[in-house]
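Listing of protein_27.txt; format and content: compact mmCIF, C-alpha atoms and all ligand atoms.
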```
# COMPACT_ATOMS: atom_id res chain seq x y z
CA MET A 18 -17.09 -17.76 15.89
CA GLY A 19 -18.38 -17.01 12.38
CA GLY A 20 -17.25 -13.70 10.94
CA ALA A 21 -20.65 -12.76 9.48
CA PHE A 22 -22.49 -13.77 12.65
CA ASN A 23 -20.13 -11.67 14.70
CA ASN A 24 -20.43 -8.70 12.38
CA HIS A 25 -24.24 -8.73 12.34
CA ASN A 26 -24.86 -9.33 16.00
CA VAL A 27 -22.65 -6.84 17.78
CA GLU A 28 -24.07 -5.54 21.05
CA LYS A 29 -26.84 -8.17 21.17
CA LEU A 30 -27.46 -10.54 24.05
CA GLY A 31 -27.44 -14.29 23.35
CA ILE A 32 -29.65 -16.93 24.97
CA THR A 33 -30.48 -20.55 24.22
CA LEU A 34 -34.03 -21.92 24.43
CA ASN A 35 -35.21 -25.40 23.47
CA MET A 36 -38.59 -24.96 21.83
CA ARG A 37 -39.19 -28.70 21.63
CA SER A 38 -39.68 -28.85 25.42
CA PRO A 39 -42.83 -27.67 27.29
CA LYS A 40 -40.64 -25.75 29.73
CA GLY A 41 -38.98 -23.99 26.80
CA LYS A 42 -42.40 -22.90 25.53
CA GLU A 43 -43.25 -21.63 29.00
CA LEU A 44 -40.08 -19.54 29.00
CA LEU A 45 -40.96 -18.11 25.58
CA ARG A 46 -44.40 -17.11 26.97
CA LYS A 47 -42.61 -15.24 29.75
CA LEU A 48 -40.23 -13.56 27.32
CA ILE A 49 -43.12 -12.46 25.08
CA GLY A 50 -44.67 -10.93 28.19
CA ILE A 51 -41.73 -8.56 28.67
CA CYS A 52 -40.78 -7.85 25.02
CA ASP A 53 -41.65 -5.00 22.69
CA VAL A 54 -40.79 -6.86 19.51
CA LEU A 55 -40.25 -10.48 18.51
CA THR A 56 -38.61 -11.17 15.15
CA GLU A 57 -37.64 -14.43 13.52
CA ASN A 58 -36.17 -15.57 10.22
CA PHE A 59 -37.30 -19.20 10.01
CA SER A 60 -39.19 -20.55 7.03
CA ALA A 61 -42.90 -19.69 7.12
CA GLY A 62 -44.98 -21.44 9.78
CA VAL A 63 -42.23 -22.65 12.16
CA VAL A 64 -43.19 -20.37 15.06
CA ALA A 65 -46.92 -21.06 14.60
CA ARG A 66 -46.18 -24.80 14.76
CA TRP A 67 -44.50 -24.22 18.12
CA GLY A 68 -47.92 -22.97 19.27
CA PHE A 69 -47.12 -19.28 18.92
CA PRO A 70 -49.05 -17.77 16.02
CA TYR A 71 -49.51 -14.02 16.42
CA GLU A 72 -52.98 -14.46 17.99
CA GLU A 73 -51.41 -16.52 20.80
CA MET A 74 -48.67 -13.94 21.34
CA ALA A 75 -51.27 -11.16 21.47
CA LYS A 76 -53.14 -12.97 24.26
CA ILE A 77 -49.94 -12.91 26.32
CA ASN A 78 -48.95 -9.35 25.39
CA PRO A 79 -51.49 -7.31 23.35
CA SER A 80 -48.89 -4.70 22.40
CA ILE A 81 -46.30 -7.20 21.11
CA ILE A 82 -45.01 -6.59 17.60
CA TYR A 83 -44.21 -9.85 15.84
CA VAL A 84 -42.23 -9.72 12.61
CA SER A 85 -41.77 -12.88 10.61
CA ASN A 86 -39.13 -12.35 7.95
CA SER A 87 -39.02 -15.30 5.57
CA GLY A 88 -38.09 -15.77 1.93
CA PHE A 89 -41.54 -15.26 0.39
CA GLY A 90 -43.48 -14.32 3.53
CA HIS A 91 -46.58 -16.11 4.80
CA THR A 92 -48.79 -14.78 1.99
CA GLY A 93 -49.16 -16.25 -1.51
CA PRO A 94 -48.46 -19.52 -3.27
CA TYR A 95 -44.68 -19.47 -2.61
CA SER A 96 -45.01 -19.11 1.14
CA LYS A 97 -44.04 -22.72 1.80
CA PHE A 98 -40.87 -22.57 -0.30
CA LYS A 99 -37.49 -22.73 1.38
CA THR A 100 -35.22 -19.98 0.18
CA TRP A 101 -31.51 -19.33 0.02
CA GLY A 102 -29.56 -16.33 -1.30
CA PRO A 103 -29.21 -17.33 -4.98
CA THR A 104 -32.80 -18.60 -5.20
CA VAL A 105 -34.46 -15.46 -3.87
CA GLN A 106 -32.24 -13.34 -6.08
CA ALA A 107 -33.24 -15.47 -9.06
CA VAL A 108 -36.96 -14.94 -8.44
CA SER A 109 -36.57 -11.25 -7.67
CA GLY A 110 -35.02 -10.51 -11.06
CA LEU A 111 -31.68 -9.43 -9.62
CA THR A 112 -29.76 -12.43 -11.01
CA PHE A 113 -31.02 -11.68 -14.52
CA LEU A 114 -29.60 -8.16 -14.35
CA SER A 115 -26.06 -9.28 -13.56
CA GLY A 116 -23.09 -10.02 -15.76
CA LEU A 117 -21.32 -8.66 -18.79
CA ALA A 118 -22.85 -7.66 -22.10
CA ASP A 119 -23.59 -10.55 -24.46
CA MET A 120 -22.87 -13.13 -21.76
CA PRO A 121 -25.35 -15.19 -19.72
CA PRO A 122 -26.48 -13.72 -16.37
CA ALA A 123 -23.72 -14.21 -13.82
CA GLY A 124 -25.52 -13.92 -10.49
CA TRP A 125 -24.08 -11.90 -7.64
CA GLY A 126 -22.15 -14.31 -5.45
CA TYR A 127 -23.39 -12.49 -2.38
CA SER A 128 -26.73 -12.49 -0.61
CA TYR A 129 -27.69 -8.85 -1.01
CA MET A 130 -31.28 -9.65 -0.17
CA ASP A 131 -30.44 -10.91 3.32
CA HIS A 132 -29.48 -7.32 3.93
CA SER A 133 -32.21 -5.49 2.02
CA GLY A 134 -34.72 -7.80 3.77
CA ALA A 135 -33.21 -6.82 7.10
CA TYR A 136 -33.42 -3.10 6.29
CA PHE A 137 -37.10 -3.49 5.45
CA MET A 138 -37.60 -5.46 8.62
CA CYS A 139 -36.03 -2.67 10.60
CA LEU A 140 -38.34 -0.12 8.92
CA ALA A 141 -41.33 -2.38 9.55
CA ILE A 142 -40.43 -2.58 13.24
CA LEU A 143 -40.14 1.20 13.49
CA MET A 144 -43.50 1.74 11.76
CA ALA A 145 -45.18 -0.82 14.00
CA LEU A 146 -43.61 0.73 17.12
CA TYR A 147 -44.89 4.14 16.02
CA HIS A 148 -48.39 2.68 15.56
CA ARG A 149 -48.16 1.00 18.96
CA ASP A 150 -47.07 4.24 20.62
CA MET A 151 -50.06 6.04 19.05
CA THR A 152 -52.67 3.32 19.71
CA GLY A 153 -51.29 0.86 22.25
CA GLN A 154 -51.92 -1.85 19.67
CA GLY A 155 -49.43 -4.52 18.65
CA GLN A 156 -49.53 -6.37 15.33
CA TRP A 157 -48.09 -9.09 13.12
CA VAL A 158 -45.83 -7.99 10.28
CA ASP A 159 -45.52 -10.55 7.51
CA LEU A 160 -42.39 -9.73 5.51
CA GLY A 161 -41.04 -11.51 2.42
CA CYS A 162 -37.42 -10.64 1.71
CA THR A 163 -37.86 -11.46 -2.00
CA GLU A 164 -40.73 -9.00 -2.16
CA ALA A 165 -38.65 -6.45 -0.26
CA ALA A 166 -35.98 -6.63 -2.96
CA ILE A 167 -37.95 -4.72 -5.58
CA PRO A 168 -35.90 -1.51 -5.08
CA LEU A 169 -32.70 -3.42 -5.94
CA CYS A 170 -34.10 -3.95 -9.45
CA GLY A 171 -35.87 -0.59 -9.67
CA PRO A 172 -34.50 0.99 -12.87
CA SER A 173 -34.88 -2.25 -14.84
CA LEU A 174 -38.44 -2.74 -13.65
CA LEU A 175 -39.21 0.82 -14.71
CA ASP A 176 -37.51 0.29 -18.05
CA TYR A 177 -39.86 -2.63 -18.64
CA THR A 178 -43.08 -1.13 -17.27
CA VAL A 179 -42.58 2.34 -18.80
CA ASN A 180 -40.54 1.65 -21.94
CA GLY A 181 -41.37 -2.00 -22.58
CA ARG A 182 -37.67 -2.83 -22.85
CA ARG A 183 -36.10 -6.10 -21.79
CA ALA A 184 -33.14 -5.90 -19.42
CA ARG A 185 -30.70 -8.18 -21.26
CA ARG A 186 -30.87 -6.90 -24.79
CA PRO A 187 -27.91 -6.53 -27.14
CA GLY A 188 -25.28 -4.33 -25.51
CA GLN A 189 -27.00 -4.46 -22.10
CA PRO A 190 -25.81 -4.44 -19.45
CA HIS A 191 -22.80 -2.44 -20.58
CA SER A 192 -19.80 -3.48 -18.57
CA ASN A 193 -18.14 -0.14 -17.91
CA ARG A 194 -20.60 2.50 -19.05
CA ASN A 195 -23.77 3.81 -17.53
CA ASP A 196 -26.29 4.88 -20.19
CA SER A 197 -28.97 6.01 -17.81
CA PRO A 198 -29.67 8.81 -17.12
CA ALA A 199 -28.37 10.31 -20.37
CA MET A 200 -24.94 11.67 -19.46
CA ALA A 201 -21.62 11.37 -21.27
CA PRO A 202 -18.95 10.75 -20.24
CA HIS A 203 -20.43 8.54 -17.51
CA GLY A 204 -18.46 5.43 -16.75
CA ILE A 205 -15.38 3.68 -15.44
CA TYR A 206 -12.02 4.44 -17.05
CA ARG A 207 -8.69 2.62 -17.01
CA CYS A 208 -5.87 4.39 -15.16
CA MET A 209 -2.12 4.09 -14.98
CA SER A 210 -0.81 0.69 -13.71
CA GLU A 211 -2.47 -2.69 -13.56
CA ASP A 212 -6.20 -2.90 -12.76
CA ARG A 213 -6.60 0.69 -11.58
CA TRP A 214 -9.80 2.55 -12.53
CA VAL A 215 -11.63 5.79 -11.98
CA ALA A 216 -15.39 6.51 -12.09
CA ILE A 217 -16.46 9.76 -13.76
CA ALA A 218 -19.90 11.33 -14.19
CA VAL A 219 -20.20 14.46 -16.33
CA ARG A 220 -23.76 15.52 -15.56
CA ASN A 221 -24.35 18.65 -17.61
CA GLU A 222 -22.81 21.36 -19.80
CA ARG A 223 -21.14 23.06 -16.85
CA ASP A 224 -19.39 19.79 -15.91
CA TRP A 225 -18.48 19.20 -19.55
CA GLN A 226 -16.81 22.58 -19.93
CA ALA A 227 -14.84 22.12 -16.71
CA PHE A 228 -13.97 18.56 -17.74
CA CYS A 229 -12.52 19.67 -21.10
CA ASP A 230 -10.55 22.38 -19.31
CA VAL A 231 -9.04 19.93 -16.77
CA LEU A 232 -8.10 17.52 -19.56
CA GLY A 233 -6.57 20.38 -21.58
CA HIS A 234 -8.90 19.71 -24.51
CA CYS A 235 -10.95 22.90 -24.84
CA GLU A 236 -11.13 22.28 -28.60
CA TRP A 237 -13.66 19.48 -27.80
CA LEU A 238 -16.16 22.21 -26.91
CA ASP A 239 -16.32 23.17 -30.61
CA ASP A 240 -15.99 19.67 -32.04
CA PRO A 241 -19.37 18.75 -33.64
CA CYS A 242 -18.82 15.09 -32.58
CA LEU A 243 -18.53 16.06 -28.90
CA ALA A 244 -19.97 19.53 -28.37
CA THR A 245 -23.53 18.53 -27.42
CA LEU A 246 -24.89 15.81 -25.17
CA ASP A 247 -26.66 14.20 -28.13
CA ALA A 248 -23.41 14.11 -30.06
CA ARG A 249 -21.50 12.63 -27.11
CA MET A 250 -24.18 9.98 -26.56
CA ALA A 251 -24.00 9.06 -30.25
CA ASN A 252 -20.19 8.85 -30.17
CA GLN A 253 -19.58 7.26 -26.81
CA ASP A 254 -17.04 4.70 -27.98
CA GLU A 255 -14.87 7.43 -29.54
CA LEU A 256 -15.39 9.68 -26.51
CA ASP A 257 -14.39 6.97 -24.05
CA PHE A 258 -11.35 6.18 -26.18
CA VAL A 259 -9.97 9.73 -26.03
CA ILE A 260 -10.78 10.05 -22.32
CA GLU A 261 -9.01 6.81 -21.55
CA ALA A 262 -5.92 8.10 -23.40
CA TRP A 263 -5.80 10.77 -20.65
CA THR A 264 -6.86 8.67 -17.62
CA SER A 265 -4.53 5.77 -18.46
CA GLU A 266 -1.52 8.02 -17.90
CA ARG A 267 -2.67 9.05 -14.44
CA ASP A 268 -3.32 7.74 -10.96
CA PRO A 269 -7.04 7.41 -10.06
CA TYR A 270 -6.69 9.54 -6.91
CA GLU A 271 -4.97 12.30 -8.89
CA ILE A 272 -7.90 12.31 -11.36
CA MET A 273 -10.44 12.22 -8.53
CA GLU A 274 -8.79 15.22 -6.88
CA ALA A 275 -8.44 17.25 -10.11
CA LEU A 276 -12.06 16.69 -11.22
CA GLN A 277 -13.61 17.06 -7.77
CA GLN A 278 -11.84 20.42 -7.41
CA ARG A 279 -13.93 21.57 -10.37
CA GLY A 280 -17.13 20.08 -8.92
CA ILE A 281 -17.24 17.06 -11.23
CA PRO A 282 -18.22 13.77 -9.55
CA ALA A 283 -15.21 11.46 -9.86
CA ALA A 284 -13.85 8.77 -7.58
CA ALA A 285 -11.09 6.20 -7.51
CA VAL A 286 -12.39 2.64 -7.85
CA GLN A 287 -11.08 1.38 -4.53
CA THR A 288 -10.19 -2.13 -3.53
CA PRO A 289 -11.74 -3.40 -0.27
CA GLU A 290 -8.28 -3.06 1.29
CA GLU A 291 -8.05 0.62 0.33
CA ARG A 292 -11.60 1.24 1.49
CA ILE A 293 -11.01 -0.30 4.89
CA GLU A 294 -7.36 0.43 5.66
CA TYR A 295 -6.48 3.68 3.91
CA ASP A 296 -9.56 5.69 2.92
CA PRO A 297 -9.41 8.88 5.02
CA ASN A 298 -13.19 9.22 4.92
CA THR A 299 -13.64 5.72 6.30
CA GLN A 300 -11.25 6.67 9.10
CA ALA A 301 -13.08 9.94 9.75
CA TRP A 302 -16.39 8.07 10.04
CA GLY A 303 -14.93 5.48 12.39
CA LEU A 304 -16.13 2.59 10.26
CA TYR A 305 -14.55 -0.86 10.65
CA LEU A 306 -13.83 -0.48 14.31
CA GLU A 307 -12.55 -3.12 16.74
CA VAL A 308 -14.74 -4.75 19.38
CA GLU A 309 -14.09 -7.28 22.11
CA HIS A 310 -15.34 -10.82 21.49
CA PRO A 311 -15.27 -13.34 24.36
CA GLU A 312 -13.36 -15.97 22.37
CA MET A 313 -11.93 -14.24 19.31
CA GLY A 314 -10.51 -11.29 21.26
CA ARG A 315 -10.29 -7.96 19.41
CA VAL A 316 -12.13 -8.25 16.08
CA ARG A 317 -13.10 -5.75 13.40
CA VAL A 318 -16.76 -5.12 12.58
CA ASP A 319 -18.79 -2.64 10.53
CA GLY A 320 -19.37 0.69 12.23
CA ILE A 321 -22.52 2.81 12.07
CA PRO A 322 -22.72 4.98 8.92
CA ALA A 323 -24.98 7.56 10.55
CA LYS A 324 -24.22 10.11 13.22
CA PHE A 325 -26.92 11.24 15.64
CA SER A 326 -26.44 14.64 17.24
CA ALA A 327 -28.56 13.75 20.28
CA MET A 328 -27.48 10.17 20.86
CA PRO A 329 -23.91 9.37 19.90
CA ALA A 330 -23.73 5.64 19.12
CA HIS A 331 -21.04 3.29 20.39
CA ILE A 332 -20.25 -0.28 19.48
CA ARG A 333 -18.05 -1.95 22.08
CA ARG A 334 -19.18 -5.54 22.38
CA GLY A 335 -18.90 -8.23 19.73
CA ALA A 336 -21.60 -10.81 19.05
CA PRO A 337 -22.59 -13.06 21.95
CA LEU A 338 -21.71 -16.72 22.33
CA LEU A 339 -24.66 -19.14 22.33
CA GLY A 340 -26.34 -18.79 25.71
CA GLN A 341 -23.78 -16.31 27.00
CA HIS A 342 -26.48 -14.14 28.56
CA ASN A 343 -28.80 -16.88 29.85
CA ASP A 344 -28.16 -15.90 33.48
CA TYR A 345 -28.86 -12.22 32.84
CA VAL A 346 -31.98 -12.72 30.69
CA TYR A 347 -33.59 -15.56 32.65
CA GLY A 348 -32.35 -14.33 36.03
CA ASP A 349 -32.34 -10.53 36.00
CA LEU A 350 -35.08 -9.98 33.38
CA LEU A 351 -37.46 -12.91 34.02
CA GLY A 352 -36.68 -13.22 37.75
CA LEU A 353 -35.78 -16.93 37.80
CA SER A 354 -33.56 -18.07 40.68
CA ALA A 355 -30.04 -19.32 40.10
CA ALA A 356 -31.14 -22.83 41.19
CA LYS A 357 -33.99 -22.83 38.69
CA ILE A 358 -31.69 -21.65 35.88
CA SER A 359 -29.22 -24.35 36.71
CA ALA A 360 -31.99 -27.01 36.67
CA LEU A 361 -33.20 -25.77 33.28
CA ARG A 362 -29.66 -26.01 32.01
CA GLU A 363 -29.32 -29.59 33.24
CA GLU A 364 -32.64 -30.58 31.68
CA GLY A 365 -31.51 -29.17 28.32
CA VAL A 366 -34.23 -26.50 28.22
CA ILE A 367 -31.63 -23.77 27.97
C1 LIG B 401 -32.80 -20.59 5.93
C2 LIG B 401 -33.85 -21.70 5.83
C3 LIG B 401 -34.01 -22.14 4.39
C4 LIG B 401 -33.35 -22.87 6.64
O1 LIG B 401 -34.30 -23.94 6.52
P1 LIG B 401 -34.37 -25.07 7.59
O2 LIG B 401 -32.98 -25.40 8.03
O3 LIG B 401 -35.20 -26.18 7.05
O4 LIG B 401 -35.04 -24.36 8.86
P2 LIG B 401 -36.53 -23.84 9.07
O5 LIG B 401 -36.50 -22.36 9.27
O6 LIG B 401 -37.50 -24.36 8.06
O7 LIG B 401 -36.91 -24.54 10.42
C5 LIG B 401 -36.14 -24.41 11.57
C6 LIG B 401 -36.25 -25.72 12.29
O8 LIG B 401 -35.46 -25.64 13.46
C7 LIG B 401 -36.27 -25.78 14.60
N1 LIG B 401 -35.81 -24.86 15.61
C8 LIG B 401 -35.31 -23.61 15.42
N2 LIG B 401 -35.00 -23.06 16.61
C9 LIG B 401 -35.33 -23.98 17.53
C10 LIG B 401 -35.24 -23.96 18.94
N3 LIG B 401 -34.78 -22.91 19.60
N4 LIG B 401 -35.64 -25.06 19.60
C11 LIG B 401 -36.10 -26.14 18.94
N5 LIG B 401 -36.22 -26.19 17.60
C12 LIG B 401 -35.83 -25.11 16.91
C13 LIG B 401 -37.67 -25.41 14.15
O9 LIG B 401 -38.68 -25.98 14.95
C14 LIG B 401 -37.68 -25.98 12.74
O10 LIG B 401 -37.88 -27.39 12.75
P3 LIG B 401 -39.31 -28.03 12.41
O11 LIG B 401 -39.68 -27.55 11.04
O12 LIG B 401 -39.07 -29.51 12.52
O13 LIG B 401 -40.22 -27.50 13.47
C15 LIG B 401 -35.22 -21.22 6.40
O14 LIG B 401 -35.06 -20.88 7.76
C16 LIG B 401 -35.77 -20.00 5.65
O15 LIG B 401 -36.35 -20.16 4.58
N6 LIG B 401 -35.62 -18.79 6.26
C17 LIG B 401 -36.14 -17.57 5.72
C18 LIG B 401 -35.43 -17.09 4.48
C19 LIG B 401 -33.97 -16.94 4.67
O16 LIG B 401 -33.50 -16.19 5.50
N7 LIG B 401 -33.21 -17.67 3.85
C20 LIG B 401 -31.76 -17.58 3.87
C21 LIG B 401 -31.31 -16.58 2.88
S1 LIG B 401 -29.54 -16.76 2.59
```

If you took the structure in this file and wrote it as structure tokens, what would it be?
Ligand SMILES: CC(C)(COP(=O)(O)OP(=O)(O)OC[C@H]1O[C@@H](n2cnc3c(N)ncnc32)[C@H](O)[C@@H]1OP(=O)(O)O)[C@@H](O)C(=O)NCCC(=O)NCCS
Amino acid sequence: MGGAFNNHNVEKLGITLNMRSPKGKELLRKLIGICDVLTENFSAGVVARWGFPYEEMAKINPSIIYVSNSGFGHTGPYSKFKTWGPTVQAVSGLTFLSGLADMPPAGWGYSYMDHSGAYFMCLAILMALYHRDMTGQGQWVDLGCTEAAIPLCGPSLLDYTVNGRRARRPGQPHSNRNDSPAMAPHGIYRCMSEDRWVAIAVRNERDWQAFCDVLGHCEWLDDPCLATLDARMANQDELDFVIEAWTSERDPYEIMEALQQRGIPAAAVQTPEERIEYDPNTQAWGLYLEVEHPEMGRVRVDGIPAKFSAMPAHIRRGAPLLGQHNDYVYGDLLGLSAAKISALREEGVI
């Protein structure tokens, strides 16, 4: 019944399987025999302790792809550590990058790395399937979701390795301004009415000229404090001040429309409610659709943000209940009789 569980497991089948019983292990052997891929997200070593290290799985099914996705993977001195969202983000460097200028790191309050780890796992599965299709060979993929988070910290890692600069130095991170790459104006600006904002990125001279025209300030083009990128970078506080005098008298969508019409990247800073309920692009993409859940009824879940011309995707079914598909998986797929399934159920194996 959990919202996140339901969102992440749409269209999957759900079984139960007691791995502490010998009969449960026998059923897992059978499942491995008919599967392409087995993935798990326990702490390192759990599945091997059940008696199913990759070598054992490969004896049952040589082409099986086994992906273990744990906090630090099975390799290295941290492999035995238990991990949880804030702890993996702390080690990865992501926590350190968060917060407002001149304040301690704030952390993210959300487990981004559960998701980046899952994306990497998905890529790993696809690469291993490709290898299997070419060679017939299965393999074990050892994935550490902390290690997979490097791209989330990318620019800061580069800033250190290339420029030798620390991430939290005076003035960094800047709360509302983006100093990299060198563009100005490039930030978030206050709009008319309470807590309304617009994001603007003026990328080059062409954008700058159009920007001054839209704002009705063509004299800025000849102002030595603003005319060149170097000058604008050097005078960003003053620049942002005069821009905000214009944005704070307008609605963010009006600004977005006016600047986008001239090819300047600009967007209203939307609330989640606007994004989900009112954004016409969200509607056009069919995101946040409703699916049928056996106990919750009609519930909203994330849609698929990619469209395939040769295989239109549909999401109709919500996440499964625990064991909802035991009869189908053990009966139709593994060929167990109804009597056998019912006995397994009574014995607590499934
Ligand atoms: C999330 C996490 C910290 C939870 O730790 P945990 O509750 O101690 O669980 P573990 O994964 O270590 O172990 C699972 C236990 O359940 C048991 N278990 C799981 N499924 C079972 C099943 N179907 N039948 C019988 N036992 C089962 C396992 O045998 C194991 O117990 P054991 O160590 O006594 O054998 C850990 O799973 C983990 O580090 N996962 C990877 C990283 C991750 O995703 N972290 C969360 C980020 S927010």

>> List as JSON, numbers by chain the protein and nucleic acid residues lying within 7 Å of ligand LIG 401 (chain B), with only C-alpha atoms and all ligand atoms counted.
In response: {"A": [33, 34, 35, 36, 37, 58, 59, 60, 63, 66, 67, 86, 87, 88, 99, 100, 101, 102, 128, 131]}

> Nearest to Ile260 in chain A: which of A:Asp296, A:Lys324, A:Ile217, A:Leu238 is it, counting all atoms listed in the file?
Replying inline: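 Looking only at the distances to Ile260 in chain A, the closest residue turns out to be A:Ile217.
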
Compile the contact shell of Phe98 in chain A as an mmCIF file with C-alpha atoms, in the coordinates of the input: residues with an atom at most 12 Å away, counting only C-alpha atoms, same-chain residues fewer than 2 positions apart removed.
```cif
data_model
loop_
_atom_site.group_PDB
_atom_site.id
_atom_site.type_symbol
_atom_site.label_atom_id
_atom_site.label_comp_id
_atom_site.auth_asym_id
_atom_site.auth_seq_id
_atom_site.Cartn_x
_atom_site.Cartn_y
_atom_site.Cartn_z
ATOM 1 C CA PHE A 59 -37.300 -19.200 10.010
ATOM 2 C CA SER A 60 -39.190 -20.550 7.030
ATOM 3 C CA ALA A 61 -42.900 -19.690 7.120
ATOM 4 C CA GLY A 62 -44.980 -21.440 9.780
ATOM 5 C CA SER A 87 -39.020 -15.300 5.570
ATOM 6 C CA GLY A 88 -38.090 -15.770 1.930
ATOM 7 C CA PHE A 89 -41.540 -15.260 0.390
ATOM 8 C CA GLY A 90 -43.480 -14.320 3.530
ATOM 9 C CA HIS A 91 -46.580 -16.110 4.800
ATOM 10 C CA THR A 92 -48.790 -14.780 1.990
ATOM 11 C CA GLY A 93 -49.160 -16.250 -1.510
ATOM 12 C CA PRO A 94 -48.460 -19.520 -3.270
ATOM 13 C CA TYR A 95 -44.680 -19.470 -2.610
ATOM 14 C CA SER A 96 -45.010 -19.110 1.140
ATOM 15 C CA THR A 100 -35.220 -19.980 0.180
ATOM 16 C CA TRP A 101 -31.510 -19.330 0.020
ATOM 17 C CA THR A 104 -32.800 -18.600 -5.200
ATOM 18 C CA VAL A 105 -34.460 -15.460 -3.870
ATOM 19 C CA VAL A 108 -36.960 -14.940 -8.440
ATOM 20 C CA GLY A 161 -41.040 -11.510 2.420
ATOM 21 C CA THR A 163 -37.860 -11.460 -2.000
#
```

> Between CA of Gly340 in chain A and CA of Leu361 in chain A, what is the distance, to one decimal in Å?
Replying inline: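 Value for the CA of Gly340 in chain A-CA of Leu361 in chain A distance: 12.4 Å.
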
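Put simply, CA of Leu306 in chain A is 28.1 Å away from CA of Pro282 in chain A.
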
> Nearest to Ser265 in chain A: which of A:Asp212, A:Pro322, A:Arg207, A:Ala285 is it, counting all atoms listed in the file?
Replying inline: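 Ranked by minimum distance to Ser265 in chain A, first place goes to A:Arg207.
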
>> When you look at Asn343 in chain A with a cut-off of 12 Å (counting only C-alpha atoms), what residues show up, excluding the ones that are within fewer than 3 positions of it in the same chain? I need them as an NGL selection string.
In response: :A and (30-34 or 44 or 337-340 or 346-355 or 357-359 or 361-362 or 366-367)

With C-alpha atoms retained, export the selected residues as a JSON list (two decimals), in the frame of the given file.
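This went into result16.json:
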```json
[["chain", "number", "residue", "atom", "x", "y", "z"],
["A", 30, "LEU", "CA", -27.46, -10.54, 24.05],
["A", 31, "GLY", "CA", -27.44, -14.29, 23.35],
["A", 32, "ILE", "CA", -29.65, -16.93, 24.97],
["A", 33, "THR", "CA", -30.48, -20.55, 24.22],
["A", 34, "LEU", "CA", -34.03, -21.92, 24.43],
["A", 44, "LEU", "CA", -40.08, -19.54, 29.00],
["A", 337, "PRO", "CA", -22.59, -13.06, 21.95],
["A", 338, "LEU", "CA", -21.71, -16.72, 22.33],
["A", 339, "LEU", "CA", -24.66, -19.14, 22.33],
["A", 340, "GLY", "CA", -26.34, -18.79, 25.71],
["A", 346, "VAL", "CA", -31.98, -12.72, 30.69],
["A", 347, "TYR", "CA", -33.59, -15.56, 32.65],
["A", 348, "GLY", "CA", -32.35, -14.33, 36.03],
["A", 349, "ASP", "CA", -32.34, -10.53, 36.00],
["A", 350, "LEU", "CA", -35.08, -9.98, 33.38],
["A", 351, "LEU", "CA", -37.46, -12.91, 34.02],
["A", 352, "GLY", "CA", -36.68, -13.22, 37.75],
["A", 353, "LEU", "CA", -35.78, -16.93, 37.80],
["A", 354, "SER", "CA", -33.56, -18.07, 40.68],
["A", 355, "ALA", "CA", -30.04, -19.32, 40.10],
["A", 357, "LYS", "CA", -33.99, -22.83, 38.69],
["A", 358, "ILE", "CA", -31.69, -21.65, 35.88],
["A", 359, "SER", "CA", -29.22, -24.35, 36.71],
["A", 361, "LEU", "CA", -33.20, -25.77, 33.28],
["A", 362, "ARG", "CA", -29.66, -26.01, 32.01],
["A", 366, "VAL", "CA", -34.23, -26.50, 28.22],
["A", 367, "ILE", "CA", -31.63, -23.77, 27.97]]
```

>> One decimal, in Å: what's the spacing between CA of Ser197 in chain A and CA of Asp176 in chain A?
In response: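 Going from CA of Ser197 in chain A over to CA of Asp176 in chain A, I get 10.3 Å.
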
>> Show me the residues around (-13.3, -1.2, -18.9) - criterion: an atom at most 10 Å away, all atoms listed in the file counted - as a PyMOL selection string.
In response: chain A and resi 191-194+204-207+212+214-215+257+261

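Closest approach to Ser80 in chain A among A:Thr56, A:Gln156, A:Gln341, A:Ser38: A:Gln156, based on only C-alpha atoms.
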
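Considering only C-alpha atoms, the residue among A:Leu111, A:Cys229, A:Ala201, A:Val259 positioned nearest to Gly126 in chain A is A:Leu111.
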
Rebuild range 247-254 of chain A to N, CA and C atoms - output it as a compact mmCIF listing (two decimals), in the frame of the given file, please.
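Done, and the output landed in selection.txt:
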```txt
# COMPACT_ATOMS: atom_id res chain seq x y z
N ASP A 247 -26.21 15.15 -27.11
CA ASP A 247 -26.66 14.20 -28.13
C ASP A 247 -25.48 13.65 -28.94
N ALA A 248 -24.57 14.55 -29.28
CA ALA A 248 -23.41 14.11 -30.06
C ALA A 248 -22.54 13.17 -29.24
N ARG A 249 -22.35 13.50 -27.97
CA ARG A 249 -21.50 12.63 -27.11
C ARG A 249 -22.16 11.27 -26.90
N MET A 250 -23.49 11.27 -26.74
CA MET A 250 -24.18 9.98 -26.56
C MET A 250 -24.03 9.12 -27.83
N ALA A 251 -24.10 9.80 -28.98
CA ALA A 251 -24.00 9.06 -30.25
C ALA A 251 -22.58 8.56 -30.52
N ASN A 252 -21.59 9.21 -29.89
CA ASN A 252 -20.19 8.85 -30.17
C ASN A 252 -19.47 8.38 -28.91
N GLN A 253 -20.17 7.61 -28.11
CA GLN A 253 -19.58 7.26 -26.81
C GLN A 253 -18.32 6.44 -26.91
N ASP A 254 -18.25 5.52 -27.88
CA ASP A 254 -17.04 4.70 -27.98
C ASP A 254 -15.82 5.58 -28.25
```
